[in-house]
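Input: a single structure, listed below in structure tokens.
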Amino acid sequence: MLCKAELKNQINDIKIPTNATKEVAGIVKAISNIVNIDAETATAEIVAGVINTLLVNLRTAGIIQM
């Protein structure tokens, strides 16, 4: 059985990347870039498309579920 100090040392040796990329999960997984919506010219279809793209990317990254 490990003593408290040994366990703490093992935990401290675990390296988790803090900066996520689209290929490598860090503490938070990155998603694909989402286009900005131009409030002057956006239609309901454009807004719905951007929101749907965001939702797909969040699901793919494992951040939200269906």
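Lettering and numbering for the structure tokens are positional, with chains as A, B, ... in the shown order, residues counted from 1 in each chain, and ligands counted from 1 in the shown order.
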Near-Val28 in chain A list (9 Å; only C-alpha atoms; drop same-chain fewer than 3 positions) as an MDAnalysis selection string: chainID A and resid 18:21 25 63
All helix (DSSP H, G or I) positions in chain A, as a VMD selection string: chain A and resid 4 to 12 44 to 60
Residues near range 55-58 of chain A, cut-off 12 Å, only C-alpha atoms, skip fewer than 6 positions along chain, as a list in words: Lys22, Val28, Lys29, Ala30, Ile31, Ser32, Asn33, Ile34, Ala48, Gly49, Ile64, Gln65 and Met66 of chain A
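CA of Asn36 in chain A lies 19.6 Å from CA of Arg59 in chain A.
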Two-atom distance - CA of Asp13 in chain A, CA of Thr60 in chain A (Å): 29.5 Å
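Minimum distance to Leu54 in chain A across A:Lys4, A:Val35, A:Asn9, A:Gly26 (counting only C-alpha atoms) occurs at A:Val35.
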